[in-house]
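Chemist: The structure file target.cif (mmCIF, N, CA and C atoms) is provided below.
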```
data_my_file
#
loop_
_atom_site.label_atom_id
_atom_site.label_comp_id
_atom_site.auth_asym_id
_atom_site.auth_seq_id
_atom_site.Cartn_x
_atom_site.Cartn_y
_atom_site.Cartn_z
N ILE A 1 -124.86 33.74 2.21
CA ILE A 1 -124.02 32.56 2.25
C ILE A 1 -124.92 31.37 2.55
N ALA A 2 -124.69 30.29 1.83
CA ALA A 2 -125.48 29.08 2.05
C ALA A 2 -124.59 27.87 1.82
N ASP A 3 -124.89 26.81 2.52
CA ASP A 3 -124.22 25.53 2.36
C ASP A 3 -125.29 24.54 1.96
N VAL A 4 -125.13 23.93 0.78
CA VAL A 4 -126.16 23.03 0.27
C VAL A 4 -125.54 21.67 0.02
N ASP A 5 -126.19 20.63 0.51
CA ASP A 5 -125.76 19.25 0.25
C ASP A 5 -126.41 18.79 -1.04
N CYS A 6 -125.64 18.75 -2.11
CA CYS A 6 -126.17 18.41 -3.43
C CYS A 6 -126.42 16.92 -3.60
N THR A 7 -126.02 16.12 -2.63
CA THR A 7 -126.23 14.68 -2.74
C THR A 7 -127.49 14.24 -2.03
N ALA A 8 -128.15 15.16 -1.33
CA ALA A 8 -129.34 14.79 -0.56
C ALA A 8 -130.48 15.76 -0.88
N GLY A 9 -131.01 16.40 0.14
CA GLY A 9 -132.17 17.26 -0.01
C GLY A 9 -131.96 18.47 -0.90
N GLY A 10 -130.72 18.88 -1.12
CA GLY A 10 -130.46 20.05 -1.94
C GLY A 10 -130.23 19.75 -3.41
N LYS A 11 -130.41 18.50 -3.83
CA LYS A 11 -130.11 18.11 -5.22
C LYS A 11 -130.88 18.94 -6.23
N ALA A 12 -132.16 19.19 -6.00
CA ALA A 12 -132.96 19.96 -6.96
C ALA A 12 -132.40 21.38 -7.11
N LEU A 13 -132.03 22.01 -6.00
CA LEU A 13 -131.46 23.36 -6.04
C LEU A 13 -130.14 23.34 -6.80
N CYS A 14 -129.31 22.36 -6.53
CA CYS A 14 -128.02 22.26 -7.21
C CYS A 14 -128.19 22.08 -8.71
N ASP A 15 -129.15 21.28 -9.10
CA ASP A 15 -129.44 21.11 -10.53
C ASP A 15 -129.90 22.43 -11.14
N GLU A 16 -130.74 23.15 -10.41
CA GLU A 16 -131.29 24.41 -10.90
C GLU A 16 -130.21 25.47 -11.11
N ILE A 17 -129.23 25.52 -10.22
CA ILE A 17 -128.20 26.56 -10.33
C ILE A 17 -126.94 26.09 -11.05
N GLY A 18 -126.94 24.86 -11.52
CA GLY A 18 -125.85 24.39 -12.38
C GLY A 18 -124.63 23.87 -11.65
N VAL A 19 -124.80 23.30 -10.47
CA VAL A 19 -123.66 22.69 -9.78
C VAL A 19 -123.38 21.35 -10.44
N ARG A 20 -122.12 21.18 -10.92
CA ARG A 20 -121.76 19.94 -11.61
C ARG A 20 -120.69 19.16 -10.86
N GLY A 21 -119.99 19.80 -9.97
CA GLY A 21 -118.93 19.14 -9.22
C GLY A 21 -118.88 19.67 -7.81
N TYR A 22 -118.18 18.96 -6.97
CA TYR A 22 -118.14 19.34 -5.56
C TYR A 22 -116.69 19.46 -5.11
N PRO A 23 -116.31 20.41 -4.30
CA PRO A 23 -117.18 21.50 -3.86
C PRO A 23 -117.27 22.59 -4.93
N THR A 24 -118.38 23.29 -4.95
CA THR A 24 -118.60 24.39 -5.87
C THR A 24 -118.92 25.63 -5.05
N ILE A 25 -118.33 26.75 -5.42
CA ILE A 25 -118.62 28.01 -4.76
C ILE A 25 -119.27 28.93 -5.79
N LYS A 26 -120.44 29.44 -5.44
CA LYS A 26 -121.17 30.38 -6.30
C LYS A 26 -121.30 31.69 -5.54
N PHE A 27 -121.41 32.79 -6.29
CA PHE A 27 -121.57 34.10 -5.66
C PHE A 27 -122.43 34.98 -6.55
N GLY A 28 -122.92 36.07 -5.95
CA GLY A 28 -123.65 37.08 -6.72
C GLY A 28 -125.12 37.09 -6.44
N ASP A 29 -125.84 37.70 -7.36
CA ASP A 29 -127.29 37.81 -7.27
C ASP A 29 -127.89 36.41 -7.27
N PRO A 30 -128.77 36.10 -6.31
CA PRO A 30 -129.36 34.75 -6.27
C PRO A 30 -130.07 34.36 -7.57
N ASN A 31 -130.48 35.34 -8.36
CA ASN A 31 -131.12 35.04 -9.64
C ASN A 31 -130.13 34.88 -10.78
N ASP A 32 -128.85 35.15 -10.50
CA ASP A 32 -127.82 35.06 -11.54
C ASP A 32 -126.49 34.70 -10.89
N LEU A 33 -126.43 33.57 -10.23
CA LEU A 33 -125.22 33.16 -9.53
C LEU A 33 -124.09 32.88 -10.52
N GLN A 34 -122.89 33.29 -10.13
CA GLN A 34 -121.69 33.08 -10.93
C GLN A 34 -120.80 32.07 -10.21
N GLU A 35 -120.03 31.32 -10.97
CA GLU A 35 -119.14 30.33 -10.37
C GLU A 35 -117.81 30.97 -10.00
N TYR A 36 -117.39 30.74 -8.76
CA TYR A 36 -116.09 31.23 -8.29
C TYR A 36 -115.01 30.32 -8.84
N LYS A 37 -114.00 30.90 -9.47
CA LYS A 37 -112.94 30.11 -10.08
C LYS A 37 -111.57 30.40 -9.48
N GLY A 38 -111.55 31.13 -8.36
CA GLY A 38 -110.30 31.51 -7.74
C GLY A 38 -109.73 30.43 -6.85
N GLY A 39 -108.68 30.83 -6.13
CA GLY A 39 -108.02 29.91 -5.21
C GLY A 39 -108.92 29.48 -4.06
N ARG A 40 -108.59 28.35 -3.47
CA ARG A 40 -109.41 27.79 -2.39
C ARG A 40 -108.75 27.96 -1.02
N ASP A 41 -107.58 28.58 -0.99
CA ASP A 41 -106.95 28.79 0.32
C ASP A 41 -107.52 30.06 0.96
N LEU A 42 -107.31 30.21 2.26
CA LEU A 42 -107.89 31.32 3.00
C LEU A 42 -107.50 32.68 2.45
N PRO A 43 -106.22 32.95 2.15
CA PRO A 43 -105.89 34.28 1.62
C PRO A 43 -106.63 34.61 0.32
N ALA A 44 -106.75 33.64 -0.58
CA ALA A 44 -107.44 33.87 -1.86
C ALA A 44 -108.92 34.12 -1.65
N LEU A 45 -109.55 33.29 -0.80
CA LEU A 45 -110.98 33.47 -0.52
C LEU A 45 -111.24 34.80 0.18
N LYS A 46 -110.37 35.16 1.12
CA LYS A 46 -110.53 36.41 1.85
C LYS A 46 -110.41 37.61 0.90
N ALA A 47 -109.40 37.59 0.04
CA ALA A 47 -109.21 38.69 -0.91
C ALA A 47 -110.42 38.81 -1.84
N PHE A 48 -110.94 37.69 -2.28
CA PHE A 48 -112.11 37.71 -3.15
C PHE A 48 -113.32 38.28 -2.41
N ALA A 49 -113.56 37.80 -1.19
CA ALA A 49 -114.72 38.24 -0.41
C ALA A 49 -114.65 39.73 -0.11
N GLU A 50 -113.46 40.25 0.13
CA GLU A 50 -113.32 41.67 0.43
C GLU A 50 -113.67 42.54 -0.77
N GLY A 51 -113.57 41.98 -1.96
CA GLY A 51 -113.90 42.73 -3.17
C GLY A 51 -115.35 42.61 -3.60
N LEU A 52 -116.12 41.81 -2.89
CA LEU A 52 -117.52 41.61 -3.26
C LEU A 52 -118.36 42.83 -2.90
N GLY A 53 -119.40 43.02 -3.63
CA GLY A 53 -120.35 44.10 -3.36
C GLY A 53 -121.49 43.99 -4.35
N PRO A 54 -122.39 44.95 -4.32
CA PRO A 54 -123.50 44.92 -5.27
C PRO A 54 -122.97 44.89 -6.71
N GLN A 55 -123.72 44.22 -7.57
CA GLN A 55 -123.33 44.10 -8.96
C GLN A 55 -124.45 44.56 -9.86
N CYS A 56 -124.15 44.76 -11.09
CA CYS A 56 -125.13 45.15 -12.09
C CYS A 56 -126.28 44.15 -12.10
N SER A 57 -127.50 44.67 -11.99
CA SER A 57 -128.71 43.85 -12.05
C SER A 57 -129.90 44.80 -12.20
N PRO A 58 -131.07 44.28 -12.48
CA PRO A 58 -132.24 45.18 -12.55
C PRO A 58 -132.44 45.96 -11.25
N ALA A 59 -132.09 45.36 -10.12
CA ALA A 59 -132.23 46.05 -8.83
C ALA A 59 -131.13 47.08 -8.61
N ASN A 60 -130.02 46.95 -9.30
CA ASN A 60 -128.88 47.87 -9.17
C ASN A 60 -128.45 48.39 -10.54
N ILE A 61 -129.39 48.89 -11.29
CA ILE A 61 -129.12 49.30 -12.67
C ILE A 61 -128.09 50.42 -12.74
N ASP A 62 -127.97 51.21 -11.68
CA ASP A 62 -126.99 52.29 -11.68
C ASP A 62 -125.55 51.77 -11.70
N LEU A 63 -125.36 50.49 -11.38
CA LEU A 63 -124.02 49.89 -11.40
C LEU A 63 -123.67 49.30 -12.76
N CYS A 64 -124.60 49.36 -13.70
CA CYS A 64 -124.41 48.74 -15.01
C CYS A 64 -123.80 49.73 -16.01
N ASP A 65 -123.07 49.16 -16.98
CA ASP A 65 -122.59 50.00 -18.08
C ASP A 65 -123.76 50.24 -19.04
N ASP A 66 -123.54 51.11 -20.01
CA ASP A 66 -124.64 51.50 -20.91
C ASP A 66 -125.21 50.31 -21.67
N THR A 67 -124.36 49.37 -22.07
CA THR A 67 -124.83 48.20 -22.82
C THR A 67 -125.77 47.35 -21.97
N LYS A 68 -125.36 47.09 -20.73
CA LYS A 68 -126.20 46.27 -19.84
C LYS A 68 -127.49 47.02 -19.47
N LYS A 69 -127.40 48.34 -19.27
CA LYS A 69 -128.60 49.14 -18.96
C LYS A 69 -129.61 49.02 -20.09
N ALA A 70 -129.13 49.12 -21.33
CA ALA A 70 -130.02 49.01 -22.50
C ALA A 70 -130.64 47.62 -22.56
N GLN A 71 -129.84 46.59 -22.28
CA GLN A 71 -130.36 45.22 -22.31
C GLN A 71 -131.41 45.02 -21.23
N ILE A 72 -131.16 45.53 -20.04
CA ILE A 72 -132.13 45.39 -18.94
C ILE A 72 -133.42 46.12 -19.30
N LYS A 73 -133.31 47.33 -19.84
CA LYS A 73 -134.51 48.09 -20.22
C LYS A 73 -135.31 47.35 -21.29
N GLU A 74 -134.59 46.74 -22.23
CA GLU A 74 -135.24 45.96 -23.28
C GLU A 74 -136.01 44.78 -22.67
N PHE A 75 -135.38 44.08 -21.75
CA PHE A 75 -136.03 42.94 -21.11
C PHE A 75 -137.21 43.37 -20.25
N MET A 76 -137.07 44.50 -19.56
CA MET A 76 -138.13 44.97 -18.69
C MET A 76 -139.35 45.43 -19.49
N ALA A 77 -139.15 45.81 -20.75
CA ALA A 77 -140.25 46.24 -21.60
C ALA A 77 -141.09 45.05 -22.09
N LEU A 78 -140.53 43.84 -21.99
CA LEU A 78 -141.25 42.64 -22.42
C LEU A 78 -142.33 42.28 -21.41
N SER A 79 -143.33 41.56 -21.86
CA SER A 79 -144.36 41.09 -20.94
C SER A 79 -143.76 39.98 -20.06
N PRO A 80 -144.32 39.79 -18.87
CA PRO A 80 -143.82 38.70 -18.02
C PRO A 80 -143.87 37.35 -18.73
N ALA A 81 -144.90 37.12 -19.52
CA ALA A 81 -145.02 35.84 -20.23
C ALA A 81 -143.89 35.68 -21.24
N LYS A 82 -143.54 36.76 -21.94
CA LYS A 82 -142.46 36.70 -22.93
C LYS A 82 -141.12 36.48 -22.24
N ARG A 83 -140.89 37.16 -21.11
CA ARG A 83 -139.64 36.95 -20.37
C ARG A 83 -139.55 35.50 -19.90
N GLU A 84 -140.65 34.95 -19.39
CA GLU A 84 -140.66 33.56 -18.93
C GLU A 84 -140.37 32.61 -20.09
N GLU A 85 -140.93 32.90 -21.25
CA GLU A 85 -140.68 32.09 -22.45
C GLU A 85 -139.19 32.13 -22.81
N MET A 86 -138.59 33.31 -22.76
CA MET A 86 -137.18 33.46 -23.09
C MET A 86 -136.30 32.74 -22.07
N ILE A 87 -136.67 32.81 -20.80
CA ILE A 87 -135.93 32.11 -19.75
C ILE A 87 -135.96 30.61 -20.01
N LYS A 88 -137.15 30.09 -20.33
CA LYS A 88 -137.27 28.66 -20.59
C LYS A 88 -136.46 28.24 -21.81
N GLU A 89 -136.43 29.09 -22.84
CA GLU A 89 -135.63 28.78 -24.02
C GLU A 89 -134.14 28.70 -23.67
N LYS A 90 -133.67 29.68 -22.91
CA LYS A 90 -132.25 29.70 -22.53
C LYS A 90 -131.91 28.53 -21.61
N GLU A 91 -132.81 28.21 -20.68
CA GLU A 91 -132.58 27.07 -19.81
C GLU A 91 -132.56 25.77 -20.61
N SER A 92 -133.41 25.69 -21.62
CA SER A 92 -133.42 24.51 -22.49
C SER A 92 -132.11 24.39 -23.26
N GLU A 93 -131.61 25.52 -23.75
CA GLU A 93 -130.32 25.52 -24.45
C GLU A 93 -129.21 25.02 -23.53
N MET A 94 -129.21 25.53 -22.29
CA MET A 94 -128.18 25.10 -21.34
C MET A 94 -128.33 23.62 -21.02
N SER A 95 -129.56 23.17 -20.88
CA SER A 95 -129.81 21.77 -20.58
C SER A 95 -129.30 20.87 -21.71
N LYS A 96 -129.50 21.29 -22.94
CA LYS A 96 -129.00 20.53 -24.10
C LYS A 96 -127.47 20.48 -24.09
N LEU A 97 -126.85 21.60 -23.76
CA LEU A 97 -125.39 21.63 -23.67
C LEU A 97 -124.89 20.69 -22.57
N GLU A 98 -125.55 20.72 -21.43
CA GLU A 98 -125.17 19.84 -20.32
C GLU A 98 -125.34 18.38 -20.72
N GLU A 99 -126.42 18.07 -21.39
CA GLU A 99 -126.68 16.69 -21.81
C GLU A 99 -125.64 16.23 -22.83
N GLY A 100 -125.31 17.12 -23.78
CA GLY A 100 -124.27 16.79 -24.76
C GLY A 100 -122.92 16.57 -24.09
N PHE A 101 -122.61 17.41 -23.11
CA PHE A 101 -121.35 17.25 -22.38
C PHE A 101 -121.35 15.94 -21.61
N LYS A 102 -122.47 15.62 -20.97
CA LYS A 102 -122.57 14.38 -20.20
C LYS A 102 -122.37 13.17 -21.12
N THR A 103 -123.00 13.18 -22.28
CA THR A 103 -122.86 12.09 -23.24
C THR A 103 -121.40 11.97 -23.70
N TYR A 104 -120.77 13.11 -23.98
CA TYR A 104 -119.37 13.12 -24.39
C TYR A 104 -118.49 12.52 -23.30
N MET A 105 -118.72 12.94 -22.06
CA MET A 105 -117.91 12.45 -20.94
C MET A 105 -118.13 10.95 -20.72
N GLU A 106 -119.35 10.47 -20.90
CA GLU A 106 -119.62 9.04 -20.77
C GLU A 106 -118.84 8.27 -21.83
N GLY A 107 -118.77 8.83 -23.05
CA GLY A 107 -117.99 8.20 -24.12
C GLY A 107 -116.51 8.16 -23.78
N LEU A 108 -116.00 9.26 -23.24
CA LEU A 108 -114.59 9.29 -22.82
C LEU A 108 -114.34 8.27 -21.71
N GLN A 109 -115.26 8.19 -20.77
CA GLN A 109 -115.10 7.25 -19.66
C GLN A 109 -115.07 5.82 -20.18
N LYS A 110 -115.92 5.51 -21.16
CA LYS A 110 -115.94 4.17 -21.73
C LYS A 110 -114.62 3.89 -22.45
N LYS A 111 -114.12 4.86 -23.22
CA LYS A 111 -112.84 4.68 -23.91
C LYS A 111 -111.72 4.45 -22.90
N TYR A 112 -111.73 5.24 -21.84
CA TYR A 112 -110.71 5.09 -20.79
C TYR A 112 -110.80 3.70 -20.16
N SER A 113 -112.01 3.28 -19.80
CA SER A 113 -112.18 1.97 -19.18
C SER A 113 -111.73 0.85 -20.11
N ASP A 114 -112.11 0.95 -21.39
CA ASP A 114 -111.72 -0.08 -22.36
C ASP A 114 -110.20 -0.11 -22.52
N ALA A 115 -109.57 1.06 -22.63
CA ALA A 115 -108.11 1.12 -22.80
C ALA A 115 -107.40 0.60 -21.56
N ASN A 116 -107.92 0.93 -20.39
CA ASN A 116 -107.32 0.47 -19.14
C ASN A 116 -107.44 -1.05 -19.01
N GLU A 117 -108.59 -1.59 -19.39
CA GLU A 117 -108.79 -3.04 -19.34
C GLU A 117 -107.83 -3.74 -20.32
N LYS A 118 -107.69 -3.19 -21.53
CA LYS A 118 -106.78 -3.77 -22.52
C LYS A 118 -105.34 -3.74 -22.00
N LYS A 119 -104.94 -2.59 -21.43
CA LYS A 119 -103.60 -2.46 -20.88
C LYS A 119 -103.36 -3.52 -19.81
N ASP A 120 -104.32 -3.68 -18.89
CA ASP A 120 -104.17 -4.67 -17.83
C ASP A 120 -104.04 -6.09 -18.38
N LYS A 121 -104.85 -6.42 -19.39
CA LYS A 121 -104.76 -7.75 -20.01
C LYS A 121 -103.42 -7.93 -20.71
N ASP A 122 -102.96 -6.91 -21.43
CA ASP A 122 -101.68 -6.99 -22.13
C ASP A 122 -100.52 -7.14 -21.15
N ILE A 123 -100.56 -6.41 -20.05
CA ILE A 123 -99.51 -6.54 -19.03
C ILE A 123 -99.53 -7.94 -18.43
N GLU A 124 -100.71 -8.44 -18.16
CA GLU A 124 -100.83 -9.79 -17.59
C GLU A 124 -100.29 -10.82 -18.58
N ALA A 125 -100.55 -10.62 -19.89
CA ALA A 125 -100.05 -11.54 -20.90
C ALA A 125 -98.52 -11.52 -20.94
N ILE A 126 -97.95 -10.34 -20.82
CA ILE A 126 -96.48 -10.22 -20.83
C ILE A 126 -95.91 -10.93 -19.61
N LYS A 127 -96.53 -10.68 -18.45
CA LYS A 127 -96.04 -11.34 -17.21
C LYS A 127 -96.18 -12.84 -17.30
N SER A 128 -97.28 -13.31 -17.87
CA SER A 128 -97.56 -14.74 -18.00
C SER A 128 -96.66 -15.43 -19.00
N SER A 129 -96.07 -14.67 -19.90
CA SER A 129 -95.23 -15.26 -20.93
C SER A 129 -93.86 -15.65 -20.41
N GLY A 130 -93.62 -15.45 -19.11
CA GLY A 130 -92.36 -15.87 -18.54
C GLY A 130 -91.48 -14.72 -18.07
N LEU A 131 -91.99 -13.54 -18.00
CA LEU A 131 -91.19 -12.38 -17.58
C LEU A 131 -90.53 -12.64 -16.23
N GLY A 132 -91.26 -13.20 -15.30
CA GLY A 132 -90.71 -13.44 -13.97
C GLY A 132 -89.62 -14.50 -13.95
N LEU A 133 -89.52 -15.29 -15.01
CA LEU A 133 -88.52 -16.35 -15.07
C LEU A 133 -87.23 -15.90 -15.73
N LEU A 134 -87.26 -14.71 -16.33
CA LEU A 134 -86.05 -14.22 -17.01
C LEU A 134 -84.97 -13.77 -16.04
#
```
Starting from the file, lay out its structure as structure tokens.

Modeler:
Amino acid sequence: IADVDCTAGGKALCDEIGVRGYPTIKFGDPNDLQEYKGGRDLPALKAFAEGLGPQCSPANIDLCDDTKKAQIKEFMALSPAKREEMIKEKESEMSKLEEGFKTYMEGLQKKYSDANEKKDKDIEAIKSSGLGLL
């Protein structure tokens, strides 16, 4: 369990593990953290925590299904340099997706701001046209 302030000294860690909003709860293998999407009240968190335990990973291969075992064995057969290359490629893909999403959201924010400004001007024009005098 860890508590990280993503707005200060923990920003680099948060960027590395994909924290995009606050608060964010992550769980699992520190090398493959998953995002918790359940309820935030005590009963929901407690029920989730009670179900936690070791998960499929190279360190716990006996917990994996046959498909994941085969994938892990395939990855373990690669050289460390090749695995690092593949990790960088996947991280780059995720980074591109994040950047595309950020650009999309900035566009939406601009559209929202423009529409909100237009609405405010239009309402002011209606009020100024004598609405209060009717």

Chemist: What is the atom N of Ala2 (chain A) to CA of Asp65 (chain A) distance in Å?

Modeler: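 One can read the atom N of Ala2 (chain A) to CA of Asp65 (chain A) distance as 28.1 Å.
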
Chemist: Would you please give, as a list in words, all residues of region 21-134 of chain A that DSSP assigns to strand (DSSP E) based on the backbone?

Modeler: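 Those residues are Lys26, Phe27, Gln34 and Glu35 of chain A.
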
Chemist: Using DSSP assignments from the backbone, pull out every residue in chain A that falls under helix (DSSP H, G or I) and give it to me as a PyMOL selection string.

Modeler: chain A and resi 11-17+42-50+58-63+66-77+80-128+131-133

Chemist: As an exercise, work out the distance from CA of Ala70 (chain A) to CA of Asp29 (chain A) in Å and give it to one decimal place.

Modeler: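 Going from CA of Ala70 (chain A) over to CA of Asp29 (chain A) covers 19.1 Å.
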
Chemist: Identify which of the residues A:Lys73, A:Lys102, A:Lys46, A:Lys127 lies closest to Pro58 (chain A), counting all atoms listed in the file when measuring atom-to-atom distances.

Modeler: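 Among the listed residues, the smallest separation from Pro58 (chain A) belongs to A:Lys73.
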
Chemist: For each of A:Val19, A:Ile25, A:Ile72, A:Cys14, take the minimum atom-to-atom distance to Ala49 (chain A), counting only C-alpha atoms, then give the residue where this is smallest.

Modeler: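 Using only C-alpha atoms, the shortest distance to Ala49 (chain A) belongs to A:Ile25.
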